[in-house]
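One file, protein25.csv, carrying CSV, C-alpha atoms:
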chain,number,residue,atom,x,y,z
A,251,MET,CA,-17.9,17.7,12.7
A,252,ARG,CA,-19.9,14.7,13.9
A,253,GLN,CA,-21.8,14.5,10.6
A,254,ARG,CA,-18.5,14.6,8.6
A,255,LEU,CA,-17.0,12.0,10.9
A,256,GLU,CA,-19.9,9.7,10.4
A,257,ALA,CA,-19.8,10.3,6.6
A,258,LEU,CA,-16.1,9.5,6.4
A,259,ALA,CA,-16.6,6.4,8.6
A,260,ALA,CA,-19.4,5.2,6.3
A,261,GLU,CA,-17.2,5.8,3.3
A,262,ARG,CA,-14.1,4.1,4.7
A,263,ARG,CA,-15.5,1.4,7.0
A,264,ARG,CA,-12.1,-0.2,7.9
A,265,PHE,CA,-10.6,3.1,9.1
A,266,GLY,CA,-10.3,3.6,12.8
A,267,TYR,CA,-10.5,6.9,14.6
A,268,ARG,CA,-6.8,7.6,14.1
A,269,ARG,CA,-7.0,7.4,10.4
A,270,LEU,CA,-10.2,9.4,10.3
A,271,HIS,CA,-8.4,12.0,12.4
A,272,VAL,CA,-5.9,12.4,9.6
A,273,LEU,CA,-8.6,12.7,7.0
A,274,LEU,CA,-10.4,15.3,9.0
A,275,ALA,CA,-7.2,17.3,9.5
A,276,ARG,CA,-6.6,17.1,5.8
A,277,GLU,CA,-10.0,18.7,5.2
A,278,GLY,CA,-9.2,21.5,7.7
A,279,ILE,CA,-11.2,20.3,10.7
A,280,ALA,CA,-8.9,20.6,13.7
A,281,VAL,CA,-9.9,18.5,16.6
A,282,ASN,CA,-8.1,16.9,19.5
A,283,HIS,CA,-7.6,13.2,19.0
A,284,LYS,CA,-9.0,12.4,22.5
A,285,ARG,CA,-12.2,14.3,21.8
A,286,LEU,CA,-12.5,12.7,18.4
A,287,ARG,CA,-12.2,9.2,20.0
A,288,ARG,CA,-14.9,10.1,22.5
A,289,ILE,CA,-17.3,11.2,19.7
A,290,TYR,CA,-16.3,8.2,17.6
A,291,CYS,CA,-17.2,5.8,20.4
A,292,GLN,CA,-20.4,7.7,21.2
A,293,ALA,CA,-21.5,7.4,17.6
A,294,ASN,CA,-20.8,3.6,17.8
A,295,LEU,CA,-18.4,3.7,14.8
A,296,GLN,CA,-15.9,1.2,16.1
A,297,VAL,CA,-14.4,-1.1,13.5
A,298,ARG,CA,-15.9,-4.5,13.9
A,299,LYS,CA,-13.8,-7.6,14.0
A,300,ARG,CA,-13.9,-9.4,10.8
A,301,ILE,CA,-15.2,-13.0,10.5
A,302,LYS,CA,-12.7,-15.1,8.6
A,303,ARG,CA,-14.3,-16.4,5.4
A,304,ARG,CA,-12.8,-18.3,2.6
A,305,VAL,CA,-12.9,-16.3,-0.6
A,306,ALA,CA,-12.7,-17.9,-4.0
A,307,LEU,CA,-9.7,-16.9,-6.1
A,308,GLY,CA,-10.5,-14.4,-8.8
A,309,SER,CA,-13.6,-13.1,-7.2
A,310,GLY,CA,-14.3,-9.4,-7.1
A,311,ASN,CA,-14.0,-6.6,-9.7
A,312,PRO,CA,-10.9,-6.4,-11.8
A,313,PRO,CA,-9.1,-3.1,-11.7
A,314,PRO,CA,-10.0,-0.7,-14.6
A,315,LEU,CA,-7.7,-0.9,-17.6
A,316,VAL,CA,-5.0,1.8,-18.0
A,317,SER,CA,-4.6,3.6,-21.3
A,318,ARG,CA,-1.4,5.7,-20.9
A,319,PRO,CA,1.9,5.6,-19.0
A,320,ASN,CA,2.0,7.1,-15.5
A,321,GLU,CA,-1.7,6.5,-15.0
A,322,ARG,CA,-1.4,3.8,-12.4
A,323,TRP,CA,1.6,2.4,-10.5
A,324,SER,CA,1.6,-0.9,-8.5
A,325,LEU,CA,3.7,-1.4,-5.4
A,326,ASP,CA,4.6,-4.8,-3.9
A,327,PHE,CA,7.2,-6.5,-1.8
A,328,ILE,CA,9.3,-9.5,-2.8
A,329,HIS,CA,11.1,-11.5,-0.1
A,330,ALA,CA,14.3,-13.4,-0.5
A,331,VAL,CA,16.7,-15.3,1.8
A,332,LEU,CA,20.5,-15.1,1.4
A,333,ARG,CA,22.7,-18.1,1.9
A,334,ASP,CA,23.7,-16.9,5.3
A,335,GLY,CA,20.0,-16.8,6.4
A,336,ARG,CA,19.5,-13.0,6.2
A,337,ARG,CA,16.1,-12.0,4.9
A,338,MET,CA,16.0,-9.3,2.2
A,339,ARG,CA,12.9,-7.3,1.1
A,340,ILE,CA,12.6,-5.8,-2.4
A,341,LEU,CA,10.1,-3.0,-3.1
A,342,THR,CA,9.0,-3.2,-6.7
A,343,ILE,CA,7.2,-0.2,-8.3
A,344,VAL,CA,5.7,-1.0,-11.7
A,345,ASP,CA,3.9,1.1,-14.3
A,346,ASP,CA,0.8,-0.9,-15.1
A,347,ASP,CA,0.5,0.4,-18.7
A,348,THR,CA,4.1,-0.2,-19.9
A,349,ARG,CA,4.9,-3.0,-17.4
A,350,GLU,CA,8.1,-1.2,-16.8
A,351,ALA,CA,9.9,-1.7,-13.4
A,352,LEU,CA,10.3,1.9,-12.3
A,353,ALA,CA,12.2,1.1,-9.1
A,354,LEU,CA,13.6,-1.7,-7.1
A,355,GLU,CA,14.6,-0.9,-3.5
A,356,LEU,CA,16.5,-3.7,-1.8
A,357,ASP,CA,17.2,-3.8,2.0
A,358,THR,CA,16.7,-5.9,5.1
A,359,SER,CA,14.1,-3.5,6.3
A,360,LEU,CA,11.9,-1.2,4.2
A,361,PRO,CA,9.6,0.9,6.5
A,362,SER,CA,7.1,3.4,5.1
A,363,PRO,CA,9.4,6.5,5.2
A,364,ARG,CA,11.7,4.6,2.9
A,365,VAL,CA,8.9,3.7,0.5
A,366,ILE,CA,7.8,7.3,0.5
A,367,ARG,CA,11.3,8.4,-0.3
A,368,ALA,CA,11.4,6.0,-3.3
A,369,LEU,CA,8.0,7.3,-4.5
A,370,ASP,CA,9.1,10.9,-4.2
A,371,GLU,CA,12.3,10.3,-6.2
A,372,LEU,CA,10.2,8.7,-8.9
A,373,GLY,CA,7.7,11.5,-8.8
A,374,THR,CA,10.3,14.1,-9.3
A,375,MET,CA,11.9,12.2,-12.3
A,376,ARG,CA,8.7,11.0,-14.0
A,377,GLY,CA,5.8,12.9,-12.5
A,378,TYR,CA,3.3,11.4,-10.1
A,379,PRO,CA,0.7,8.9,-11.3
A,380,ASP,CA,-3.1,9.4,-11.1
A,381,THR,CA,-3.4,6.4,-8.7
A,382,ILE,CA,-1.2,4.1,-6.8
A,383,VAL,CA,-2.4,0.5,-6.1
A,384,LEU,CA,-1.1,-1.1,-2.9
A,385,ASP,CA,-1.7,-4.3,-1.0
A,386,ASN,CA,-2.6,-4.3,2.7
A,387,GLY,CA,0.9,-4.7,4.1
A,388,ALA,CA,2.0,-2.8,7.2
A,389,ALA,CA,4.5,-0.6,5.4
A,390,LEU,CA,1.9,0.5,2.8
A,391,THR,CA,-1.1,1.1,5.1
A,392,SER,CA,0.6,3.0,7.9
A,393,LEU,CA,-0.4,6.5,9.0
A,394,THR,CA,2.8,7.8,7.4
A,395,MET,CA,1.6,6.7,4.0
A,396,LEU,CA,-1.9,8.1,4.7
A,397,ARG,CA,-0.4,11.5,5.6
A,398,TRP,CA,1.9,11.4,2.6
A,399,ALA,CA,-0.5,12.0,-0.2
A,400,PRO,CA,-4.3,11.8,-1.0
A,401,ILE,CA,-3.6,10.2,-4.4
A,402,VAL,CA,-3.1,6.8,-2.9
A,403,THR,CA,-5.8,4.3,-3.7
A,404,TYR,CA,-6.1,1.6,-1.0
A,405,GLY,CA,-7.1,-1.8,-2.2
A,406,CYS,CA,-5.8,-5.2,-2.5
A,407,THR,CA,-4.9,-6.1,-6.1
A,408,THR,CA,-4.9,-9.9,-5.6
A,409,SER,CA,-7.1,-12.1,-3.5
A,410,ARG,CA,-4.2,-14.5,-2.6
A,411,ARG,CA,-2.0,-14.1,0.4
A,412,ALA,CA,1.7,-13.4,0.0
A,413,ASN,CA,3.9,-16.5,-0.8
A,414,PRO,CA,6.6,-17.7,1.6
A,415,PRO,CA,9.7,-15.6,1.8
A,416,LYS,CA,11.8,-17.9,-0.4
A,417,THR,CA,9.6,-17.5,-3.5
A,418,PRO,CA,8.7,-14.4,-5.5
A,419,THR,CA,5.3,-12.7,-5.0
A,420,SER,CA,2.2,-13.9,-6.7
A,421,ASN,CA,1.8,-10.6,-8.6
A,422,PRO,CA,3.0,-11.6,-12.1
A,423,SER,CA,3.6,-8.0,-13.4
A,424,THR,CA,6.1,-7.3,-10.6
A,425,ALA,CA,7.5,-10.8,-10.1
A,426,ASN,CA,9.2,-11.3,-13.5
A,427,SER,CA,11.1,-8.0,-13.6
A,428,ALA,CA,12.0,-8.0,-9.9
A,429,THR,CA,13.1,-11.6,-9.8
A,430,ASN,CA,15.6,-11.1,-12.7
A,431,ALA,CA,17.0,-8.0,-11.0
A,432,SER,CA,17.1,-9.6,-7.5
A,433,THR,CA,19.3,-12.4,-8.7
A,434,SER,CA,22.0,-9.9,-9.8
A,435,THR,CA,21.5,-7.6,-6.9
A,436,ILE,CA,21.3,-10.0,-4.0
A,437,ARG,CA,24.8,-11.4,-4.5
A,438,LEU,CA,26.7,-9.8,-1.7
A,439,PRO,CA,30.4,-10.4,-0.9
Represent the structure contained in this file as structure tokens.
Amino acid sequence: MRQRLEALAAERRRFGYRRLHVLLAREGIAVNHKRLRRIYCQANLQVRKRIKRRVALGSGNPPPLVSRPNERWSLDFIHAVLRDGRRMRILTIVDDDTREALALELDTSLPSPRVIRALDELGTMRGYPDTIVLDNGAALTSLTMLRWAPIVTYGCTTSRRANPPKTPTSNPSTANSATNASTSTIRLP
């Protein structure tokens, strides 16, 4: 078990012992979380604090091109503020090949179980994609999302931070379709 834990920690360096516990359980290795933490600490696998560095925009490898529908979906959140000051979040799910907005979920709070429900509804209607590209937001990197499905590919699609809540997101493939829909959806009585 220790060798498998070290191999998973080397493969996913930013995963702590709790996320590695989920991955081990998925592989059929049942271990108490307290014992796993003790072994994790003894092996000196703690996640190191990151040193803040400025990264040039556009650096890194671009995602591979998609060649057919339902090969890759992208998820992102757009934030909006109503006239009365309430903040709204819009979950946008876009097919990267067809640039079709598959789903727009609008609410004041969109936790990860709600995101999973939207993905499951789409999966039953259209079939699940090969990969799902997420950013590193709290609702998308939670343990609930990690337990949901092994098809999720974690990785930040843009190197820019999210824009302030009053403007659409910086992801152009989700911003155009969701902004048009949000102007007609946000108008509440």
Checklist outcome for this item: Between atom CA of Asp347 of chain A and atom CA of Pro319 of chain A lies a distance of 5.4 Å
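Shortest separation to Arg263 of chain A among A:Arg318, A:Arg298, A:His329, A:Arg339 occurs at residue A:Arg298, atoms counted being all atoms listed in the file.
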Next on the checklist: Taking (-2.6, 1.1, -9.7) in the coordinates of the supplied file, I want to know which residues reach to within 9 Å of it, counting only C-alpha atoms; could you give the answer as JSON, numbers by chain?
Outcome noted: {"A": [313, 316, 321, 322, 323, 324, 325, 344, 345, 346, 379, 380, 381, 382, 383, 384, 402, 403, 407]}
Checklist entry - Expressed in Å to a single decimal, how great is the separation between atom CA of Ser362 of chain A and atom CA of Arg254 of chain A? => result 28.2 Å
Checklist entry - Could you work out how far atom CA of Ala330 of chain A lies from atom CA of Thr394 of chain A, giving the answer in Å with one decimal? => result 25.4 Å
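Of the listed residues A:Ile343, A:Thr358, A:Leu396, A:Lys302, the one whose atoms come nearest to Val331 of chain A is A:Thr358, with distances taken using all atoms listed in the file.
Those residues that approach Leu274 of chain A to within 10 Å, counting all atoms listed in the file, are A:Met251, A:Arg254, A:Leu255, A:Leu258, A:Arg268, A:Arg269, A:Leu270, A:His271, A:Glu277, A:Gly278, A:Ile279, A:Ala280, A:Val281, A:Leu286; same-chain residues fewer than 3 positions away are not listed.
Using only C-alpha atoms for every distance, the candidate list A:Arg337, A:Arg252, A:Arg276, A:Glu355 yields A:Arg252 as the residue closest to Leu295 of chain A.
In this comparison, which uses all atoms listed in the file, the residue of A:Thr348, A:Thr374, A:Asn320, A:Ser359 approaching Ala389 of chain A most closely is A:Ser359.
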